[in-house]
Structures are given as C-alpha cells and as structure tokens.
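Coordinates as given in target-v1.csv (CSV, C-alpha atoms and all ligand atoms):
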```
chain,number,residue,atom,x,y,z
A,1,MET,CA,-31.4,39.8,-25.2
A,2,SER,CA,-32.5,36.5,-26.7
A,3,ALA,CA,-36.1,36.0,-27.9
A,4,ILE,CA,-38.6,34.2,-25.7
A,5,HIS,CA,-40.4,31.2,-27.0
A,6,THR,CA,-43.3,29.3,-25.6
A,7,HIS,CA,-42.7,25.5,-25.2
A,8,LEU,CA,-45.1,22.7,-24.6
A,9,LEU,CA,-43.8,20.9,-21.5
A,10,GLY,CA,-46.6,18.3,-21.2
A,11,THR,CA,-50.0,17.2,-22.3
A,12,GLY,CA,-52.9,15.5,-20.5
A,13,SER,CA,-56.5,14.6,-21.1
A,14,HIS,CA,-59.5,13.0,-19.4
A,15,LEU,CA,-62.7,11.4,-20.7
A,16,PRO,CA,-65.8,10.6,-18.6
A,17,SER,CA,-66.1,6.8,-18.0
A,18,ARG,CA,-69.6,6.5,-19.6
A,19,ARG,CA,-69.0,5.6,-23.2
A,20,LEU,CA,-71.9,5.4,-25.7
A,21,SER,CA,-71.3,3.6,-29.0
A,22,ASN,CA,-73.5,4.6,-31.9
A,23,ALA,CA,-75.6,1.4,-31.2
A,24,ASP,CA,-76.2,2.6,-27.6
A,25,LEU,CA,-77.3,6.0,-28.8
A,26,VAL,CA,-79.5,4.6,-31.6
A,27,ALA,CA,-81.2,2.5,-28.9
A,28,GLN,CA,-81.6,5.5,-26.5
A,29,LEU,CA,-83.0,7.7,-29.3
A,30,ALA,CA,-85.4,4.9,-30.5
A,31,ARG,CA,-86.9,4.8,-27.0
A,32,GLU,CA,-87.8,8.6,-27.6
A,33,GLY,CA,-89.2,7.7,-31.0
A,34,LEU,CA,-86.3,9.1,-33.0
A,35,GLU,CA,-84.8,7.1,-35.9
A,36,THR,CA,-81.1,7.1,-36.7
A,37,SER,CA,-78.5,4.4,-37.5
A,38,ASP,CA,-74.8,3.5,-37.0
A,39,ASP,CA,-74.4,3.6,-40.8
A,40,TRP,CA,-75.8,7.1,-41.1
A,41,ILE,CA,-73.6,8.5,-38.3
A,42,VAL,CA,-70.4,6.7,-39.5
A,43,GLU,CA,-70.9,7.6,-43.1
A,44,ARG,CA,-71.7,11.3,-42.6
A,45,THR,CA,-69.4,12.0,-39.6
A,46,GLY,CA,-66.9,9.2,-38.9
A,47,ILE,CA,-68.1,9.1,-35.3
A,48,ARG,CA,-68.5,5.6,-33.7
A,49,ALA,CA,-68.7,6.5,-30.0
A,50,ARG,CA,-68.7,9.4,-27.6
A,51,HIS,CA,-68.3,9.9,-23.8
A,52,PHE,CA,-71.0,11.5,-21.6
A,53,VAL,CA,-70.6,12.6,-18.0
A,54,GLU,CA,-72.7,11.2,-15.2
A,55,PRO,CA,-75.2,13.7,-13.8
A,56,GLY,CA,-73.5,16.2,-11.4
A,57,VAL,CA,-70.1,16.0,-13.1
A,58,THR,CA,-69.0,19.5,-14.3
A,59,THR,CA,-66.6,20.9,-16.8
A,60,SER,CA,-64.1,21.9,-14.0
A,61,ASP,CA,-64.1,18.2,-12.8
A,62,LEU,CA,-63.0,17.1,-16.3
A,63,ALA,CA,-60.6,20.1,-16.5
A,64,LEU,CA,-59.0,19.1,-13.1
A,65,GLN,CA,-58.2,15.5,-14.2
A,66,SER,CA,-56.7,16.6,-17.5
A,67,SER,CA,-54.7,19.3,-15.8
A,68,LEU,CA,-53.2,16.9,-13.2
A,69,ASN,CA,-52.3,14.6,-16.1
A,70,ALA,CA,-50.6,17.4,-18.1
A,71,LEU,CA,-48.8,18.6,-15.0
A,72,GLN,CA,-47.5,15.1,-14.2
A,73,ALA,CA,-46.3,14.8,-17.8
A,74,ALA,CA,-44.5,18.1,-17.5
A,75,GLY,CA,-42.9,17.0,-14.2
A,76,LEU,CA,-44.5,20.0,-12.4
A,77,GLY,CA,-47.1,20.7,-9.8
A,78,PRO,CA,-50.0,23.2,-9.6
A,79,GLN,CA,-47.7,25.6,-7.6
A,80,ASP,CA,-45.4,26.0,-10.7
A,81,ILE,CA,-48.2,27.6,-12.7
A,82,ASP,CA,-48.8,31.4,-12.8
A,83,LEU,CA,-51.5,31.6,-15.6
A,84,ILE,CA,-54.6,29.4,-16.1
A,85,ILE,CA,-56.8,29.7,-19.2
A,86,VAL,CA,-59.8,27.5,-19.8
A,87,ALA,CA,-61.5,27.3,-23.2
A,88,THR,CA,-65.1,26.3,-22.7
A,89,SER,CA,-68.6,26.9,-23.9
A,90,THR,CA,-70.1,24.9,-21.0
A,91,PRO,CA,-68.8,26.8,-17.9
A,92,ASP,CA,-69.8,25.4,-14.5
A,93,MET,CA,-71.4,28.8,-13.6
A,94,VAL,CA,-72.4,32.0,-15.3
A,95,PHE,CA,-69.6,33.4,-13.2
A,96,PRO,CA,-67.0,33.1,-11.8
A,97,SER,CA,-64.9,31.5,-14.6
A,98,THR,CA,-64.3,27.8,-14.8
A,99,ALA,CA,-60.6,28.7,-14.7
A,100,CYS,CA,-61.1,30.1,-11.1
A,101,ILE,CA,-63.0,27.0,-10.1
A,102,LEU,CA,-60.3,24.8,-11.5
A,103,GLN,CA,-57.7,26.9,-9.7
A,104,ARG,CA,-59.5,26.2,-6.4
A,105,LYS,CA,-59.7,22.5,-7.1
A,106,LEU,CA,-56.0,22.3,-8.1
A,107,SER,CA,-55.0,24.2,-5.0
A,108,GLU,CA,-56.8,21.5,-2.9
A,109,SER,CA,-54.9,18.6,-4.6
A,110,SER,CA,-51.9,18.8,-2.2
A,111,GLU,CA,-50.4,21.1,0.5
A,112,GLN,CA,-47.8,22.5,-2.0
A,113,ALA,CA,-50.5,23.0,-4.7
A,114,LYS,CA,-51.8,26.0,-2.7
A,115,GLY,CA,-49.0,27.8,-4.5
A,116,ILE,CA,-51.2,28.1,-7.6
A,117,LEU,CA,-53.5,30.6,-5.7
A,118,GLY,CA,-52.8,34.1,-7.0
A,119,ALA,CA,-52.1,33.0,-10.6
A,120,ALA,CA,-54.1,34.8,-13.2
A,121,ALA,CA,-57.2,32.7,-14.3
A,122,PHE,CA,-59.8,33.3,-16.9
A,123,ASP,CA,-62.0,31.6,-19.5
A,124,VAL,CA,-61.9,32.0,-23.3
A,125,GLN,CA,-65.2,31.5,-25.2
A,126,ALA,CA,-64.7,30.7,-28.8
A,127,VAL,CA,-66.6,27.4,-29.0
A,128,CYS,CA,-64.7,24.8,-31.0
A,129,ALA,CA,-61.9,27.2,-31.8
A,130,GLY,CA,-61.6,27.9,-28.1
A,131,PHE,CA,-58.4,25.9,-27.5
A,132,ILE,CA,-56.6,27.6,-30.5
A,133,TYR,CA,-57.7,31.0,-29.1
A,134,ALA,CA,-56.5,30.0,-25.5
A,135,LEU,CA,-53.2,28.8,-26.8
A,136,GLY,CA,-52.7,32.0,-28.9
A,137,VAL,CA,-53.5,34.2,-25.9
A,138,ALA,CA,-51.2,32.2,-23.6
A,139,ASP,CA,-48.4,32.3,-26.1
A,140,ALA,CA,-48.7,36.1,-26.4
A,141,MET,CA,-48.8,36.6,-22.6
A,142,LEU,CA,-45.8,34.3,-22.0
A,143,ARG,CA,-43.7,36.0,-24.7
A,144,ALA,CA,-44.7,39.4,-23.3
A,145,GLY,CA,-43.4,38.3,-19.9
A,146,SER,CA,-46.8,38.5,-18.2
A,147,ALA,CA,-46.4,34.9,-16.9
A,148,ARG,CA,-43.8,32.2,-17.0
A,149,ARG,CA,-45.7,28.9,-16.9
A,150,ALA,CA,-49.3,28.5,-18.2
A,151,LEU,CA,-51.9,25.8,-17.9
A,152,VAL,CA,-54.1,25.9,-21.0
A,153,VAL,CA,-57.2,23.7,-20.9
A,154,GLY,CA,-60.1,22.9,-23.3
A,155,ALA,CA,-62.9,21.3,-21.3
A,156,GLU,CA,-66.6,20.7,-22.1
A,157,VAL,CA,-69.7,19.0,-20.9
A,158,PHE,CA,-71.4,19.5,-24.3
A,159,SER,CA,-74.0,16.8,-23.6
A,160,ARG,CA,-75.9,19.2,-21.4
A,161,LEU,CA,-76.4,21.6,-24.4
A,162,LEU,CA,-77.8,18.8,-26.7
A,163,ASP,CA,-81.4,18.6,-27.8
A,164,PHE,CA,-82.0,14.8,-27.7
A,165,SER,CA,-85.1,15.3,-29.9
A,166,ASP,CA,-83.0,16.7,-32.8
A,167,ARG,CA,-81.2,13.8,-34.5
A,168,THR,CA,-79.3,16.1,-36.8
A,169,THR,CA,-77.2,17.4,-33.9
A,170,CYS,CA,-77.4,15.1,-30.8
A,171,VAL,CA,-75.4,12.3,-32.5
A,172,LEU,CA,-72.4,14.6,-33.1
A,173,PHE,CA,-71.1,15.7,-29.7
A,174,GLY,CA,-69.4,14.4,-26.6
A,175,ASP,CA,-67.8,15.4,-23.3
A,176,GLY,CA,-64.1,15.5,-22.3
A,177,ALA,CA,-61.1,17.7,-21.5
A,178,GLY,CA,-57.5,18.1,-22.6
A,179,ALA,CA,-54.7,20.3,-21.2
A,180,VAL,CA,-51.2,21.5,-22.0
A,181,VAL,CA,-48.5,23.0,-19.7
A,182,LEU,CA,-46.6,25.8,-21.4
A,183,GLU,CA,-43.3,27.5,-20.4
A,184,ALA,CA,-41.6,30.6,-21.7
A,185,ASN,CA,-37.8,30.2,-22.1
A,186,ASP,CA,-35.1,31.3,-24.6
A,187,GLN,CA,-34.7,27.9,-26.3
A,188,PRO,CA,-35.7,28.1,-30.0
A,189,GLY,CA,-38.8,26.1,-31.2
A,190,GLY,CA,-42.1,25.7,-29.3
A,191,ILE,CA,-45.1,27.7,-30.6
A,192,LEU,CA,-43.9,29.0,-34.0
A,193,ALA,CA,-47.0,31.0,-35.1
A,194,THR,CA,-50.7,31.4,-34.3
A,195,GLU,CA,-53.7,32.9,-35.9
A,196,MET,CA,-57.2,33.7,-34.4
A,197,ARG,CA,-60.0,34.8,-36.7
A,198,ALA,CA,-63.8,35.4,-36.4
A,199,ASP,CA,-66.7,36.5,-38.5
A,200,GLY,CA,-69.8,37.5,-36.5
A,201,ARG,CA,-72.1,37.5,-39.5
A,202,TYR,CA,-72.5,33.8,-38.9
A,203,VAL,CA,-73.6,33.9,-35.3
A,204,ASP,CA,-76.9,32.2,-36.1
A,205,ILE,CA,-75.7,29.1,-38.0
A,206,LEU,CA,-74.3,27.5,-34.9
A,207,CYS,CA,-75.5,28.7,-31.5
A,208,VAL,CA,-77.2,28.1,-28.2
A,209,PRO,CA,-79.5,31.0,-28.3
A,210,GLY,CA,-80.5,31.2,-24.6
A,211,HIS,CA,-79.5,33.2,-21.5
A,212,VAL,CA,-80.4,33.6,-17.9
A,213,GLN,CA,-82.5,36.7,-17.0
A,214,ASN,CA,-84.2,37.5,-13.7
A,215,GLY,CA,-84.0,33.9,-12.6
A,216,THR,CA,-85.4,32.3,-15.7
A,217,ILE,CA,-84.0,31.1,-19.0
A,218,LEU,CA,-84.8,33.3,-22.0
A,219,GLY,CA,-84.5,31.8,-25.5
A,220,ASP,CA,-83.7,28.3,-26.3
A,221,PRO,CA,-80.8,26.9,-24.3
A,222,VAL,CA,-79.9,24.0,-26.6
A,223,LEU,CA,-77.6,23.7,-29.6
A,224,LYS,CA,-78.9,24.8,-33.0
A,225,MET,CA,-76.9,24.1,-36.1
A,226,GLU,CA,-77.3,24.6,-39.9
A,227,GLY,CA,-75.0,21.6,-40.6
A,228,GLN,CA,-74.4,22.2,-44.3
A,229,ALA,CA,-73.6,25.9,-43.9
A,230,VAL,CA,-71.2,25.1,-41.1
A,231,PHE,CA,-69.6,22.4,-43.3
A,232,LYS,CA,-69.0,24.7,-46.2
A,233,LEU,CA,-67.5,27.6,-44.1
A,234,ALA,CA,-65.3,25.2,-42.2
A,235,VAL,CA,-63.6,23.6,-45.2
A,236,GLY,CA,-62.8,27.0,-46.6
A,237,VAL,CA,-61.3,28.7,-43.6
A,238,LEU,CA,-59.3,25.8,-42.3
A,239,GLU,CA,-57.1,25.6,-45.3
A,240,GLU,CA,-56.6,29.4,-45.3
A,241,THR,CA,-55.7,29.7,-41.7
A,242,ALA,CA,-53.2,26.8,-41.9
A,243,LEU,CA,-51.5,28.5,-44.9
A,244,ASN,CA,-51.4,31.8,-43.0
A,245,VAL,CA,-49.6,30.3,-40.0
A,246,LEU,CA,-47.1,28.5,-42.2
A,247,ALA,CA,-46.4,31.8,-44.0
A,248,LYS,CA,-45.9,33.6,-40.6
A,249,ALA,CA,-43.4,30.9,-39.6
A,250,GLY,CA,-41.7,30.9,-43.0
A,251,LEU,CA,-42.4,27.3,-43.5
A,252,GLN,CA,-44.1,25.1,-46.2
A,253,LYS,CA,-46.9,22.5,-46.2
A,254,THR,CA,-44.2,19.8,-46.5
A,255,ASP,CA,-42.7,21.0,-43.1
A,256,ILE,CA,-45.8,19.7,-41.2
A,257,ASP,CA,-45.2,16.4,-39.5
A,258,TRP,CA,-48.7,16.0,-38.0
A,259,LEU,CA,-52.1,17.7,-38.5
A,260,VAL,CA,-54.0,17.8,-35.2
A,261,PRO,CA,-57.4,19.1,-36.3
A,262,HIS,CA,-60.6,19.9,-34.4
A,263,GLN,CA,-62.5,16.6,-34.4
A,264,ALA,CA,-65.9,17.6,-35.7
A,265,ASN,CA,-66.4,15.5,-38.8
A,266,ILE,CA,-64.1,13.1,-40.7
A,267,ARG,CA,-65.1,14.6,-44.0
A,268,ILE,CA,-64.0,18.1,-43.0
A,269,ILE,CA,-60.7,16.7,-41.7
A,270,GLN,CA,-60.1,14.7,-44.9
A,271,SER,CA,-60.8,17.7,-47.0
A,272,THR,CA,-58.4,19.9,-45.0
A,273,ALA,CA,-55.7,17.2,-45.1
A,274,ARG,CA,-56.1,16.9,-48.9
A,275,LYS,CA,-55.8,20.7,-49.4
A,276,LEU,CA,-52.6,20.7,-47.3
A,277,GLY,CA,-51.2,17.8,-49.3
A,278,LEU,CA,-51.0,15.6,-46.1
A,279,PRO,CA,-51.8,11.8,-46.3
A,280,MET,CA,-54.2,10.6,-43.7
A,281,ASP,CA,-51.5,8.8,-41.8
A,282,LYS,CA,-50.1,12.2,-40.8
A,283,VAL,CA,-53.5,13.2,-39.3
A,284,VAL,CA,-54.4,12.6,-35.7
A,285,LEU,CA,-57.9,11.2,-35.6
A,286,THR,CA,-60.0,10.7,-32.5
A,287,VAL,CA,-63.4,11.7,-33.8
A,288,GLN,CA,-64.4,8.1,-34.1
A,289,ASP,CA,-63.9,7.6,-30.4
A,290,HIS,CA,-64.7,11.0,-28.9
A,291,GLY,CA,-67.2,12.7,-31.3
A,292,ASN,CA,-67.0,16.5,-31.3
A,293,THR,CA,-65.9,17.6,-27.9
A,294,SER,CA,-65.7,21.3,-29.0
A,295,ALA,CA,-62.9,23.2,-27.2
A,296,ALA,CA,-61.6,19.9,-25.7
A,297,SER,CA,-61.2,18.1,-29.0
A,298,ILE,CA,-57.7,19.4,-30.1
A,299,PRO,CA,-55.9,18.9,-26.8
A,300,LEU,CA,-57.6,15.5,-26.4
A,301,ALA,CA,-56.3,14.5,-29.9
A,302,LEU,CA,-52.9,15.9,-29.1
A,303,ASP,CA,-52.6,14.0,-25.9
A,304,SER,CA,-53.7,10.8,-27.4
A,305,ALA,CA,-51.0,11.0,-30.1
A,306,VAL,CA,-48.3,12.0,-27.7
A,307,ARG,CA,-49.1,9.2,-25.3
A,308,SER,CA,-49.3,6.6,-28.1
A,309,GLY,CA,-45.8,7.7,-29.2
A,310,HIS,CA,-47.0,8.9,-32.6
A,311,ILE,CA,-46.0,12.5,-31.9
A,312,ARG,CA,-42.4,12.9,-30.9
A,313,ARG,CA,-40.2,15.7,-29.6
A,314,GLY,CA,-39.0,18.1,-32.3
A,315,GLN,CA,-41.9,17.4,-34.8
A,316,ARG,CA,-44.0,20.2,-36.2
A,317,LEU,CA,-47.7,20.1,-35.5
A,318,MET,CA,-50.4,22.0,-37.2
A,319,LEU,CA,-53.3,22.5,-34.7
A,320,GLU,CA,-56.4,24.1,-36.2
A,321,GLY,CA,-60.1,24.5,-35.3
A,322,VAL,CA,-63.3,26.1,-36.3
A,323,GLY,CA,-66.5,26.8,-34.4
A,324,GLY,CA,-69.5,28.9,-33.5
A,325,GLY,CA,-69.1,32.6,-33.9
A,326,PHE,CA,-67.9,31.9,-36.6
A,327,THR,CA,-64.5,31.5,-35.0
A,328,TRP,CA,-61.4,29.7,-36.4
A,329,GLY,CA,-57.7,29.6,-36.2
A,330,ALA,CA,-54.5,27.6,-36.2
A,331,ALA,CA,-51.2,27.2,-34.3
A,332,LEU,CA,-48.0,25.8,-35.6
A,333,VAL,CA,-46.0,24.1,-32.9
A,334,GLN,CA,-42.6,22.5,-32.7
A,335,TYR,CA,-43.3,20.0,-30.0
A,401,LIG,N1,-79.8,9.9,-38.6
A,401,LIG,C1,-80.4,9.6,-39.8
A,401,LIG,N2,-80.7,10.5,-40.7
A,401,LIG,C2,-80.4,11.8,-40.4
A,401,LIG,C3,-79.8,12.2,-39.2
A,401,LIG,C4,-79.5,11.2,-38.3
A,401,LIG,N3,-78.8,11.4,-37.1
A,401,LIG,N4,-79.6,13.5,-39.2
A,401,LIG,C5,-80.1,14.0,-40.4
A,401,LIG,N5,-80.6,12.9,-41.1
A,401,LIG,C6,-81.3,13.0,-42.4
A,401,LIG,C7,-81.9,14.3,-42.7
A,401,LIG,O1,-83.2,14.4,-42.1
A,401,LIG,C8,-81.9,14.3,-44.2
A,401,LIG,O2,-83.0,13.5,-44.6
A,401,LIG,P1,-83.9,14.0,-45.9
A,401,LIG,O3,-82.9,13.9,-47.0
A,401,LIG,O4,-84.9,12.9,-45.9
A,401,LIG,O5,-84.4,15.4,-45.6
A,401,LIG,C9,-80.7,13.6,-44.5
A,401,LIG,O6,-80.3,12.8,-43.4
A,401,LIG,C10,-79.5,14.5,-45.0
A,401,LIG,O7,-79.4,15.5,-44.0
A,401,LIG,P2,-78.3,16.7,-44.2
A,401,LIG,O8,-78.4,17.6,-43.0
A,401,LIG,O9,-78.4,17.2,-45.5
A,401,LIG,O10,-77.0,15.8,-44.0
A,401,LIG,P3,-75.5,16.2,-44.3
A,401,LIG,O11,-75.0,15.3,-45.3
A,401,LIG,O12,-75.4,17.6,-44.5
A,401,LIG,O13,-74.9,15.8,-42.9
A,401,LIG,C11,-74.0,16.8,-40.9
A,401,LIG,C12,-75.2,16.4,-41.7
A,401,LIG,C13,-73.2,15.5,-40.5
A,401,LIG,C14,-74.4,17.6,-39.7
A,401,LIG,C15,-73.1,17.7,-41.8
A,401,LIG,O14,-73.8,18.7,-42.4
A,401,LIG,C16,-71.9,18.2,-41.1
A,401,LIG,O15,-71.0,17.5,-40.7
A,401,LIG,N6,-71.9,19.6,-40.9
A,401,LIG,C17,-70.8,20.2,-40.2
A,401,LIG,C18,-71.1,20.0,-38.8
A,401,LIG,C19,-70.0,20.3,-37.9
A,401,LIG,O16,-68.9,19.9,-38.2
A,401,LIG,N7,-70.3,21.0,-36.9
A,401,LIG,C20,-69.3,21.3,-35.9
A,401,LIG,C21,-68.3,22.3,-36.4
A,401,LIG,S1,-68.2,23.6,-35.4
A,401,LIG,C22,-68.2,22.9,-33.9
A,401,LIG,O17,-67.5,22.0,-33.7
A,401,LIG,C23,-69.1,23.4,-32.9
```
What does this structure look like when you write it as structure tokens?
Ligand code: ACO
Amino acid sequence: MSAIHTHLLGTGSHLPSRRLSNADLVAQLAREGLETSDDWIVERTGIRARHFVEPGVTTSDLALQSSLNALQAAGLGPQDIDLIIVATSTPDMVFPSTACILQRKLSESSEQAKGILGAAAFDVQAVCAGFIYALGVADAMLRAGSARRALVVGAEVFSRLLDFSDRTTCVLFGDGAGAVVLEANDQPGGILATEMRADGRYVDILCVPGHVQNGTILGDPVLKMEGQAVFKLAVGVLEETALNVLAKAGLQKTDIDWLVPHQANIRIIQSTARKLGLPMDKVVLTVQDHGNTSAASIPLALDSAVRSGHIRRGQRLMLEGVGGGFTWGAALVQY
C-alpha cells in the first residue's frame, strides 16, 4: 500500500474592510490621552496598518469568507469537506466551538453545501501558533485515514482583547482570517513534516487572564504581554523548530523556497530568516499591512503570496509560529 500524503489544494483569506493606518491609530489614541507615533511603531515592529472589524462582526464571519475563498481556489464546495479545524483565541462563544458555528454558516451557503453537516468540527487554542497546531493535527488525522478533506482555518477578532489604554500592546494586533483546504492522497509531496511544542512555565508573559464565572467576568479580560521576554523566547525557539522539521524531512536550509512566518514583528522575522540563511526576498511579509493577527497571520500571509504569484506549485514552504502558552511549531510543505 502506498503512503498517504496531505496536500494543500487551495488557500483563501479575508480581512475586515476597516483599515487603520498608524496615523489613524495615533490620532485615535491621542483622543484618549495616549502618546505614540508612526515612527515608534514602524521602527520597533514594522507595522504600518491593521484591519479591525466593525462592531458585531465575529470570528466565524471572517472564517466563513476565508473558507469560501479557499474552497473556490481548491475547486471544491463545503460538501466535499469531512473535517473542520479552526485555530482561534477569540471564539464567538465559550461553547460551542467556532468550527461548529462555521460549519452551520458554510452549510447555509448553498443547497449542496448542506453536505458539510456531519463532518467533524473542533477548535484548536494555541494562540499565535494555533494555525501550525491545526495544520499538524489535520495532517495527522488525514494520514491516519480519519478524514479525507479538511478545512483548516486561522481566524481572529483580536481587537476585542486589546486594552486601548496600553500603548505597548494595542498598536501591535489586528483582525483577519486565512484558510487552507487539505486533501489526503497517495501523490508524493504536500506536508513533509510538522512540529508542535509548548512550555507552560511561560503562561504569564503573554495572556488574557480572565474567565466567565456565574455570569460575571473574573480576572482581567484584556491582553497582557511582557514584550521583551516574548521577543527573546520567540527568536530562540523559531530557529530550533525550523531546523527540527527540516531534519524530520531529511532536507537542508537551502531547500527552503519561502519562509512564511507568523507576522508578529519584523525584527523577529528578520532574525529567524538570518539564522536560516534566507535573504528577505524569500520571506513572505504582511506584518506591515495586517499587524499581528495571531492564528490568522500565517494563512493570511500564505494566501497573499499564493495569489500574488510569488509562491508557485512544487515550491517548499517553511511555515512557523510562536505564541502564548508558550506555544510554537513549524510545518514544512511542498505546495
Ligand atoms: N509608542 C511609543 N512608545 C512606546 C510604545 C508605543 N506604542 N510602547 C512602548 N513605548 C515606550 C516604552 O514606554 C519605553 O519607554 P521608556 O524607555 O521611556 O520606558 C520604550 O518605548 C521602550 O519600550 P520597550 O517595551 O522596551 O520596547 P521594545 O523595544 O521591547 O519594543 C515590543 C516593544 C515591540 C512590544 C517588543 O518587545 C516586541 O516586539 N516584543 C515581541 C512582541 C511579540 O512579538 N508579540 C507577539 C508574539 S506572540 C503572539 O503573536 C501573540
């Protein structure tokens, strides 16, 4: 029997229409008495703009649009999917999962689309490493024969977790969604290796330390981050995890055609590229336009490079991410 491989059939993404440049955000924060500047944000992070949802728009709304775009790129419909995984830290509800809400919305998109009802659907919570985790879980399930075609989505409304009185964090994040359609078949290539890692000792350096109890919110339900500690940990683990997946696949740094990193900060991305010996023209960069969209950032970057024609069929992509938990990981994919 020939081995089963997981292939990327199509990618899609969606950004909310409300775009805030740094100048827009500087003006908004100034009205609240908070001082920041375009120069500070660009120099420390590389971010020039981000997108925020309008009130009432939820993570599943963004996930739906990115999923429909990915399905269209794959030449498939919702009825062809038998596994849905959504990576998010901003679920629509405490439960059920955003994946189930997405499934309902997809099933309502056409008469035939009702065929998606019955597919397995669940969320993955690994913050900014969420898409890597979701991809790794989907790959393992497809290769084990638990499903044949998967929709894997990273979707976030991070704006609703931001403390707009904390200038050290509120300038960094944005909203958006990206999706991929995966298929298991016996053609060689596709997802070559994945790795998922976590170290729970660092729970407190990046967290939203609140929860719902007896109808009220306990703790502080906004994002808290020790920026410098996160920065130091991120640059260390990203190189290591990329090298680990290369070793698993029996490949070298020079076999990477594109680095598709989590888009948190240009300086973290530059440092990782340098350690992997990759020039910046082999790195997909969207942080300047999207900010950090957490679990959505990698599939958003992937889709933008596929649609612009930069990433082509057969090329090897190193996807990697790091986030709260601390969680991190990588996936090496032959597109
Ligand atoms: N505008 C102007 N000044 C600011 C701002 C701002 N928005 N934010 C902070 N400052 C000031 C600080 O108050 C400080 O002033 P001081 O020297 O007078 O005290 C000065 O800038 C330097 O602050 P630092 O926090 O030391 O700045 P740093 O160079 O570390 O940059 C940053 C901060 C951008 C957050 C950086 O630490 C970083 O990128 N960390 C990693 C963050 C990250 O990538 N997080 C996401 C990864 S995981 C995930 O995606 C969820």
### Task
Skip segment 271-287 of chain A itself and residues of its chain fewer than 3 positions away, then list as an NGL selection string all residues within 7 Å of it, counting all atoms listed in the file.
:A and (46-47 or 235 or 238-239 or 253 or 257-260 or 263-265 or 267-268 or 290-292 or 301 or 305)
Could the residues in this selection be written to a file with C-alpha atoms, as a PDB file, in the frame of the given file?
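Result written to out-v3.pdb:
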```
ATOM      1  CA  GLY A  46     -66.900   9.200 -38.900  1.00  0.00           C
ATOM      2  CA  ILE A  47     -68.100   9.100 -35.300  1.00  0.00           C
ATOM      3  CA  VAL A 235     -63.600  23.600 -45.200  1.00  0.00           C
ATOM      4  CA  LEU A 238     -59.300  25.800 -42.300  1.00  0.00           C
ATOM      5  CA  GLU A 239     -57.100  25.600 -45.300  1.00  0.00           C
ATOM      6  CA  LYS A 253     -46.900  22.500 -46.200  1.00  0.00           C
ATOM      7  CA  ASP A 257     -45.200  16.400 -39.500  1.00  0.00           C
ATOM      8  CA  TRP A 258     -48.700  16.000 -38.000  1.00  0.00           C
ATOM      9  CA  LEU A 259     -52.100  17.700 -38.500  1.00  0.00           C
ATOM     10  CA  VAL A 260     -54.000  17.800 -35.200  1.00  0.00           C
ATOM     11  CA  GLN A 263     -62.500  16.600 -34.400  1.00  0.00           C
ATOM     12  CA  ALA A 264     -65.900  17.600 -35.700  1.00  0.00           C
ATOM     13  CA  ASN A 265     -66.400  15.500 -38.800  1.00  0.00           C
ATOM     14  CA  ARG A 267     -65.100  14.600 -44.000  1.00  0.00           C
ATOM     15  CA  ILE A 268     -64.000  18.100 -43.000  1.00  0.00           C
ATOM     16  CA  HIS A 290     -64.700  11.000 -28.900  1.00  0.00           C
ATOM     17  CA  GLY A 291     -67.200  12.700 -31.300  1.00  0.00           C
ATOM     18  CA  ASN A 292     -67.000  16.500 -31.300  1.00  0.00           C
ATOM     19  CA  ALA A 301     -56.300  14.500 -29.900  1.00  0.00           C
ATOM     20  CA  ALA A 305     -51.000  11.000 -30.100  1.00  0.00           C
TER      21      ALA A 305
END
```
### Non-local contacts of segment 146-155 of chain A (9 Å; all atoms listed in the file; under 5 positions in same chain excluded) as JSON, numbers by chain
{"A": [59, 60, 62, 63, 66, 67, 70, 71, 78, 80, 81, 82, 83, 84, 85, 86, 87, 88, 89, 90, 91, 99, 119, 120, 130, 131, 134, 135, 138, 139, 140, 141, 175, 176, 177, 178, 179, 180, 181, 182, 183, 184, 185, 293, 294, 295, 296, 297, 298, 299, 300]}
Would you export the selected residues with C-alpha atoms as a compact mmCIF listing (two decimals), in the frame of the given file, please?
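Here's the written file out.txt:
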```txt
# COMPACT_ATOMS: atom_id res chain seq x y z
CA THR A 59 -66.60 20.90 -16.80
CA SER A 60 -64.10 21.90 -14.00
CA LEU A 62 -63.00 17.10 -16.30
CA ALA A 63 -60.60 20.10 -16.50
CA SER A 66 -56.70 16.60 -17.50
CA SER A 67 -54.70 19.30 -15.80
CA ALA A 70 -50.60 17.40 -18.10
CA LEU A 71 -48.80 18.60 -15.00
CA PRO A 78 -50.00 23.20 -9.60
CA ASP A 80 -45.40 26.00 -10.70
CA ILE A 81 -48.20 27.60 -12.70
CA ASP A 82 -48.80 31.40 -12.80
CA LEU A 83 -51.50 31.60 -15.60
CA ILE A 84 -54.60 29.40 -16.10
CA ILE A 85 -56.80 29.70 -19.20
CA VAL A 86 -59.80 27.50 -19.80
CA ALA A 87 -61.50 27.30 -23.20
CA THR A 88 -65.10 26.30 -22.70
CA SER A 89 -68.60 26.90 -23.90
CA THR A 90 -70.10 24.90 -21.00
CA PRO A 91 -68.80 26.80 -17.90
CA ALA A 99 -60.60 28.70 -14.70
CA ALA A 119 -52.10 33.00 -10.60
CA ALA A 120 -54.10 34.80 -13.20
CA GLY A 130 -61.60 27.90 -28.10
CA PHE A 131 -58.40 25.90 -27.50
CA ALA A 134 -56.50 30.00 -25.50
CA LEU A 135 -53.20 28.80 -26.80
CA ALA A 138 -51.20 32.20 -23.60
CA ASP A 139 -48.40 32.30 -26.10
CA ALA A 140 -48.70 36.10 -26.40
CA MET A 141 -48.80 36.60 -22.60
CA ASP A 175 -67.80 15.40 -23.30
CA GLY A 176 -64.10 15.50 -22.30
CA ALA A 177 -61.10 17.70 -21.50
CA GLY A 178 -57.50 18.10 -22.60
CA ALA A 179 -54.70 20.30 -21.20
CA VAL A 180 -51.20 21.50 -22.00
CA VAL A 181 -48.50 23.00 -19.70
CA LEU A 182 -46.60 25.80 -21.40
CA GLU A 183 -43.30 27.50 -20.40
CA ALA A 184 -41.60 30.60 -21.70
CA ASN A 185 -37.80 30.20 -22.10
CA THR A 293 -65.90 17.60 -27.90
CA SER A 294 -65.70 21.30 -29.00
CA ALA A 295 -62.90 23.20 -27.20
CA ALA A 296 -61.60 19.90 -25.70
CA SER A 297 -61.20 18.10 -29.00
CA ILE A 298 -57.70 19.40 -30.10
CA PRO A 299 -55.90 18.90 -26.80
CA LEU A 300 -57.60 15.50 -26.40
```
### Query
So how many Å separate atom CA of Val57 of chain A and atom CA of Val157 of chain A, to one decimal?
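Pair atom CA of Val57 of chain A / atom CA of Val157 of chain A returns 8.4 Å.
Taking only C-alpha atoms into account, Arg18 of chain A lies nearest to A:Glu54 out of the set A:Glu108, A:Asp204, A:Glu320, A:Glu54.
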### Task
In Å, rounded to a single decimal, give me how far atom CA of Leu317 of chain A is from atom CA of Gln103 of chain A.
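We find that atom CA of Gln103 of chain A and atom CA of Leu317 of chain A lie 28.5 Å from each other.
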